Amino acid sequence: VVDKARLTRHIRHALQNRAQITLGELVDTQPLQHGLAELVAYLQLGAETFNAVVDEETPDPIRWQALSSDGQTITRSARLPRVIFMR
């Protein structure tokens, strides 16, 4: 279960000291704990709760760690247009 309240606090905290932050920067400072589901939650918050813009011209690879079926740590990734959260 993705804790959207935690993600909201993370975004708000990041925007206290700056006017904008990218989704990639947010994930770099607080890695995804729930993989793709958490990434989708960030996108929902960008659309519903925060002022966010999408820069279609700039790809932003997002990476996170996951466990494979045999228990090995693997890196997953998604390539999205840059999402920028703003105050």
# chains A, B, ... in the order shown; residues from 1 in each chain; ligands from 1

call {"tool": "residues_around", "arguments": {"residues": "stretch 72-78 of chain A", "least_positions_apart": "4", "cutoff": "7 Å", "atoms": "only C-alpha atoms", "output": "ChimeraX atom specification"}}
result
/A:61-68

call {"tool": "write_last_selection", "arguments": {"atoms": "all heavy atoms", "output": "mmCIF file, in the first residue's frame"}}
result
data_model
loop_
_atom_site.group_PDB
_atom_site.id
_atom_site.type_symbol
_atom_site.label_atom_id
_atom_site.label_comp_id
_atom_site.auth_asym_id
_atom_site.auth_seq_id
_atom_site.Cartn_x
_atom_site.Cartn_y
_atom_site.Cartn_z
ATOM 1 N N PRO A 61 14.667 9.381 -16.897
ATOM 2 C CA PRO A 61 14.631 7.984 -16.454
ATOM 3 C C PRO A 61 14.511 7.913 -14.931
ATOM 4 O O PRO A 61 15.201 8.630 -14.214
ATOM 5 C CB PRO A 61 15.974 7.418 -16.930
ATOM 6 C CG PRO A 61 16.866 8.609 -17.043
ATOM 7 C CD PRO A 61 15.984 9.776 -17.363
ATOM 8 N N ILE A 62 13.595 7.092 -14.458
ATOM 9 C CA ILE A 62 13.388 6.878 -13.029
ATOM 10 C C ILE A 62 13.781 5.435 -12.741
ATOM 11 O O ILE A 62 13.306 4.512 -13.407
ATOM 12 C CB ILE A 62 11.914 7.105 -12.628
ATOM 13 C CG1 ILE A 62 11.407 8.463 -13.104
ATOM 14 C CG2 ILE A 62 11.730 6.908 -11.131
ATOM 15 C CD1 ILE A 62 12.007 9.652 -12.433
ATOM 16 N N ARG A 63 14.651 5.236 -11.748
ATOM 17 C CA ARG A 63 15.117 3.890 -11.414
ATOM 18 C C ARG A 63 14.812 3.577 -9.961
ATOM 19 O O ARG A 63 14.803 4.461 -9.119
ATOM 20 C CB ARG A 63 16.614 3.782 -11.647
ATOM 21 C CG ARG A 63 16.984 3.877 -13.112
ATOM 22 C CD ARG A 63 18.491 3.739 -13.324
ATOM 23 N NE ARG A 63 18.819 3.795 -14.728
ATOM 24 C CZ ARG A 63 18.907 4.905 -15.444
ATOM 25 N NH1 ARG A 63 18.704 6.057 -14.881
ATOM 26 N NH2 ARG A 63 19.209 4.862 -16.733
ATOM 27 N N TRP A 64 14.559 2.287 -9.699
ATOM 28 C CA TRP A 64 14.341 1.837 -8.330
ATOM 29 C C TRP A 64 14.786 0.385 -8.204
ATOM 30 O O TRP A 64 14.949 -0.315 -9.190
ATOM 31 C CB TRP A 64 12.885 2.019 -7.915
ATOM 32 C CG TRP A 64 11.904 1.181 -8.674
ATOM 33 C CD1 TRP A 64 11.413 -0.056 -8.320
ATOM 34 C CD2 TRP A 64 11.263 1.501 -9.924
ATOM 35 N NE1 TRP A 64 10.527 -0.513 -9.263
ATOM 36 C CE2 TRP A 64 10.416 0.424 -10.256
ATOM 37 C CE3 TRP A 64 11.329 2.585 -10.784
ATOM 38 C CZ2 TRP A 64 9.635 0.413 -11.414
ATOM 39 C CZ3 TRP A 64 10.564 2.561 -11.941
ATOM 40 C CH2 TRP A 64 9.730 1.492 -12.242
ATOM 41 N N GLN A 65 14.986 -0.013 -6.952
ATOM 42 C CA GLN A 65 15.416 -1.374 -6.661
ATOM 43 C C GLN A 65 14.194 -2.228 -6.329
ATOM 44 O O GLN A 65 13.258 -1.758 -5.684
ATOM 45 C CB GLN A 65 16.379 -1.403 -5.459
ATOM 46 C CG GLN A 65 17.646 -0.587 -5.662
ATOM 47 C CD GLN A 65 18.525 -1.153 -6.761
ATOM 48 O OE1 GLN A 65 18.758 -2.349 -6.825
ATOM 49 N NE2 GLN A 65 18.997 -0.286 -7.640
ATOM 50 N N ALA A 66 14.230 -3.490 -6.758
ATOM 51 C CA ALA A 66 13.160 -4.441 -6.475
ATOM 52 C C ALA A 66 13.794 -5.807 -6.249
ATOM 53 O O ALA A 66 14.975 -6.013 -6.547
ATOM 54 C CB ALA A 66 12.167 -4.482 -7.631
ATOM 55 N N LEU A 67 13.001 -6.724 -5.726
ATOM 56 C CA LEU A 67 13.474 -8.091 -5.550
ATOM 57 C C LEU A 67 12.880 -8.972 -6.629
ATOM 58 O O LEU A 67 11.681 -8.909 -6.908
ATOM 59 C CB LEU A 67 13.075 -8.634 -4.170
ATOM 60 C CG LEU A 67 13.764 -8.004 -2.968
ATOM 61 C CD1 LEU A 67 13.218 -8.598 -1.677
ATOM 62 C CD2 LEU A 67 15.269 -8.189 -3.036
ATOM 63 N N SER A 68 13.712 -9.806 -7.231
ATOM 64 C CA SER A 68 13.226 -10.761 -8.222
ATOM 65 C C SER A 68 12.576 -11.936 -7.501
ATOM 66 O O SER A 68 12.634 -12.041 -6.269
ATOM 67 C CB SER A 68 14.383 -11.242 -9.107
ATOM 68 O OG SER A 68 15.292 -12.001 -8.326
#

call {"tool": "select_by_dssp", "arguments": {"residues": "chain A", "states": "helix (DSSP H, G or I)", "output": "JSON, numbers by chain"}}
result
{"A": [4, 5, 6, 7, 8, 9, 10, 11, 12, 13, 14, 15, 16, 23, 24, 25, 26, 27, 28, 29, 35, 36, 37, 38, 39, 40, 41, 42, 43, 44, 45, 46, 47, 48]}

call {"tool": "residues_around", "arguments": {"residues": "A:Ala41", "least_positions_apart": "5", "cutoff": "9 Å", "atoms": "only C-alpha atoms", "output": "PyMOL selection string"}}
result
chain A and resi 2-4+7+36+46

call {"tool": "write_last_selection", "arguments": {"atoms": "all heavy atoms", "output": "PDB file, in the first residue's frame"}}
result
ATOM      1  N   VAL A   2       0.638   2.118  -0.934  1.00  0.00           N
ATOM      2  CA  VAL A   2       1.424   3.346  -1.058  1.00  0.00           C
ATOM      3  C   VAL A   2       0.852   4.403  -0.118  1.00  0.00           C
ATOM      4  O   VAL A   2      -0.352   4.673  -0.120  1.00  0.00           O
ATOM      5  CB  VAL A   2       1.411   3.862  -2.512  1.00  0.00           C
ATOM      6  CG1 VAL A   2       2.126   5.183  -2.624  1.00  0.00           C
ATOM      7  CG2 VAL A   2       2.033   2.830  -3.442  1.00  0.00           C
ATOM      8  N   ASP A   3       1.700   5.000   0.670  1.00  0.00           N
ATOM      9  CA  ASP A   3       1.314   6.039   1.626  1.00  0.00           C
ATOM     10  C   ASP A   3       1.391   7.403   0.920  1.00  0.00           C
ATOM     11  O   ASP A   3       2.438   8.048   0.894  1.00  0.00           O
ATOM     12  CB  ASP A   3       2.255   5.983   2.827  1.00  0.00           C
ATOM     13  CG  ASP A   3       1.894   6.961   3.921  1.00  0.00           C
ATOM     14  OD1 ASP A   3       0.975   7.789   3.717  1.00  0.00           O
ATOM     15  OD2 ASP A   3       2.545   6.911   4.975  1.00  0.00           O
ATOM     16  N   LYS A   4       0.267   7.839   0.364  1.00  0.00           N
ATOM     17  CA  LYS A   4       0.248   9.112  -0.363  1.00  0.00           C
ATOM     18  C   LYS A   4       0.512  10.300   0.559  1.00  0.00           C
ATOM     19  O   LYS A   4       1.074  11.303   0.125  1.00  0.00           O
ATOM     20  CB  LYS A   4      -1.083   9.296  -1.092  1.00  0.00           C
ATOM     21  CG  LYS A   4      -1.204   8.480  -2.351  1.00  0.00           C
ATOM     22  CD  LYS A   4      -2.448   8.885  -3.103  1.00  0.00           C
ATOM     23  CE  LYS A   4      -2.565   8.140  -4.393  1.00  0.00           C
ATOM     24  NZ  LYS A   4      -3.774   8.525  -5.142  1.00  0.00           N
ATOM     25  N   LEU A   7       4.212  10.726   0.676  1.00  0.00           N
ATOM     26  CA  LEU A   7       4.699  11.322  -0.568  1.00  0.00           C
ATOM     27  C   LEU A   7       4.364  12.812  -0.620  1.00  0.00           C
ATOM     28  O   LEU A   7       5.191  13.628  -1.050  1.00  0.00           O
ATOM     29  CB  LEU A   7       4.101  10.603  -1.781  1.00  0.00           C
ATOM     30  CG  LEU A   7       4.386   9.112  -1.911  1.00  0.00           C
ATOM     31  CD1 LEU A   7       3.744   8.564  -3.171  1.00  0.00           C
ATOM     32  CD2 LEU A   7       5.862   8.817  -1.869  1.00  0.00           C
ATOM     33  N   LEU A  36       6.628   0.669  -9.035  1.00  0.00           N
ATOM     34  CA  LEU A  36       5.770   1.326 -10.016  1.00  0.00           C
ATOM     35  C   LEU A  36       4.515   1.916  -9.379  1.00  0.00           C
ATOM     36  O   LEU A  36       4.064   2.996  -9.764  1.00  0.00           O
ATOM     37  CB  LEU A  36       5.398   0.339 -11.122  1.00  0.00           C
ATOM     38  CG  LEU A  36       4.706   0.895 -12.346  1.00  0.00           C
ATOM     39  CD1 LEU A  36       5.522   1.999 -12.986  1.00  0.00           C
ATOM     40  CD2 LEU A  36       4.430  -0.217 -13.342  1.00  0.00           C
ATOM     41  N   GLY A  46       0.741  14.846  -8.665  1.00  0.00           N
ATOM     42  CA  GLY A  46       1.073  15.946  -9.564  1.00  0.00           C
ATOM     43  C   GLY A  46      -0.137  16.460 -10.315  1.00  0.00           C
ATOM     44  O   GLY A  46      -0.255  17.649 -10.593  1.00  0.00           O
TER      45      GLY A  46
END

call {"tool": "residues_around", "arguments": {"residues": "A:Thr22", "least_positions_apart": "2", "cutoff": "8 Å", "atoms": "only C-alpha atoms", "output": "tab-separated table (two decimals) with all heavy atoms, in the first residue's frame"}}
result
chain	number	residue	atom	x	y	z
A	20	GLN	N	10.82	24.79	-7.42
A	20	GLN	CA	10.38	23.63	-8.19
A	20	GLN	C	11.35	22.46	-7.98
A	20	GLN	O	12.49	22.65	-7.59
A	20	GLN	CB	10.27	23.96	-9.67
A	20	GLN	CG	11.58	24.36	-10.33
A	20	GLN	CD	11.37	24.79	-11.78
A	20	GLN	OE1	10.34	25.33	-12.13
A	20	GLN	NE2	12.36	24.57	-12.60
A	24	GLY	N	12.27	13.11	-10.80
A	24	GLY	CA	13.54	12.39	-10.71
A	24	GLY	C	14.33	12.80	-9.48
A	24	GLY	O	14.91	11.95	-8.79
A	25	GLU	N	14.35	14.09	-9.18
A	25	GLU	CA	15.07	14.57	-7.99
A	25	GLU	C	14.39	14.08	-6.71
A	25	GLU	O	15.06	13.71	-5.74
A	25	GLU	CB	15.14	16.09	-7.99
A	25	GLU	CG	16.03	16.65	-9.07
A	25	GLU	CD	15.90	18.15	-9.22
A	25	GLU	OE1	14.78	18.69	-9.15
A	25	GLU	OE2	16.95	18.79	-9.43
A	26	LEU	N	13.06	14.06	-6.70
A	26	LEU	CA	12.34	13.55	-5.53
A	26	LEU	C	12.69	12.08	-5.27
A	26	LEU	O	12.95	11.69	-4.14
A	26	LEU	CB	10.83	13.68	-5.73
A	26	LEU	CG	10.25	15.08	-5.63
A	26	LEU	CD1	8.82	15.12	-6.16
A	26	LEU	CD2	10.30	15.58	-4.20
A	82	ARG	N	9.82	14.57	-18.33
A	82	ARG	CA	10.16	15.21	-17.06
A	82	ARG	C	8.91	15.82	-16.42
A	82	ARG	O	8.20	16.61	-17.05
A	82	ARG	CB	11.21	16.28	-17.27
A	82	ARG	CG	11.55	17.01	-15.97
A	82	ARG	CD	12.84	17.73	-16.04
A	82	ARG	NE	13.90	16.73	-16.03
A	82	ARG	CZ	15.14	16.98	-16.39
A	82	ARG	NH1	15.49	18.18	-16.80
A	82	ARG	NH2	16.04	16.03	-16.35
A	83	VAL	N	8.65	15.45	-15.18
A	83	VAL	CA	7.54	16.01	-14.40
A	83	VAL	C	8.15	16.96	-13.38
A	83	VAL	O	9.06	16.60	-12.64
A	83	VAL	CB	6.76	14.89	-13.67
A	83	VAL	CG1	5.65	15.48	-12.82
A	83	VAL	CG2	6.19	13.90	-14.69
A	84	ILE	N	7.65	18.20	-13.37
A	84	ILE	CA	8.19	19.24	-12.48
A	84	ILE	C	7.08	19.71	-11.54
A	84	ILE	O	6.04	20.20	-11.98
A	84	ILE	CB	8.72	20.44	-13.29
A	84	ILE	CG1	9.75	19.95	-14.31
A	84	ILE	CG2	9.31	21.49	-12.36
A	84	ILE	CD1	10.10	20.98	-15.37
A	85	PHE	N	7.32	19.52	-10.24
A	85	PHE	CA	6.40	20.00	-9.21
A	85	PHE	C	6.82	21.42	-8.84
A	85	PHE	O	8.01	21.70	-8.70
A	85	PHE	CB	6.48	19.11	-7.96
A	85	PHE	CG	5.97	17.71	-8.17
A	85	PHE	CD1	6.77	16.72	-8.69
A	85	PHE	CD2	4.65	17.40	-7.85
A	85	PHE	CE1	6.30	15.44	-8.88
A	85	PHE	CE2	4.17	16.12	-8.04
A	85	PHE	CZ	4.99	15.14	-8.55

call {"tool": "closest_residue", "arguments": {"among": "A:Asn51, A:Glu57, A:Ser69, A:Tyr42", "to": "A:Arg9", "atoms": "only C-alpha atoms"}}
result
A:Tyr42

call {"tool": "closest_residue", "arguments": {"among": "A:Arg18, A:Gln33, A:Leu23, A:Glu48", "to": "A:Pro81", "atoms": "only C-alpha atoms"}}
result
A:Leu23

call {"tool": "select_by_dssp", "arguments": {"residues": "chain A", "states": "strand (DSSP E)", "output": "count of residues only"}}
result
34

call {"tool": "closest_residue", "arguments": {"among": "A:Thr58, A:Leu80, A:Arg87, A:Ala5", "to": "A:Leu43", "atoms": "only C-alpha atoms"}}
result
A:Leu80

call {"tool": "residues_around", "arguments": {"residues": "A:Ile11", "least_positions_apart": "3", "cutoff": "9 Å", "atoms": "only C-alpha atoms", "output": "list in words"}}
result
Arg6, Leu7, Thr8, Ala14, Leu15, Gln16, Ile21, Leu26, Phe50 and Phe85 of chain A

call {"tool": "atom_distance", "arguments": {"atom1": "atom CA of A:Thr49", "atom2": "atom CA of A:His10"}}
result
13.0 Å

call {"tool": "atom_distance", "arguments": {"atom1": "atom CA of A:His34", "atom2": "atom CA of A:Val54"}}
result
22.7 Å

call {"tool": "atom_distance", "arguments": {"atom1": "atom CA of A:Asp55", "atom2": "atom CA of A:Gln30"}}
result
21.8 Å
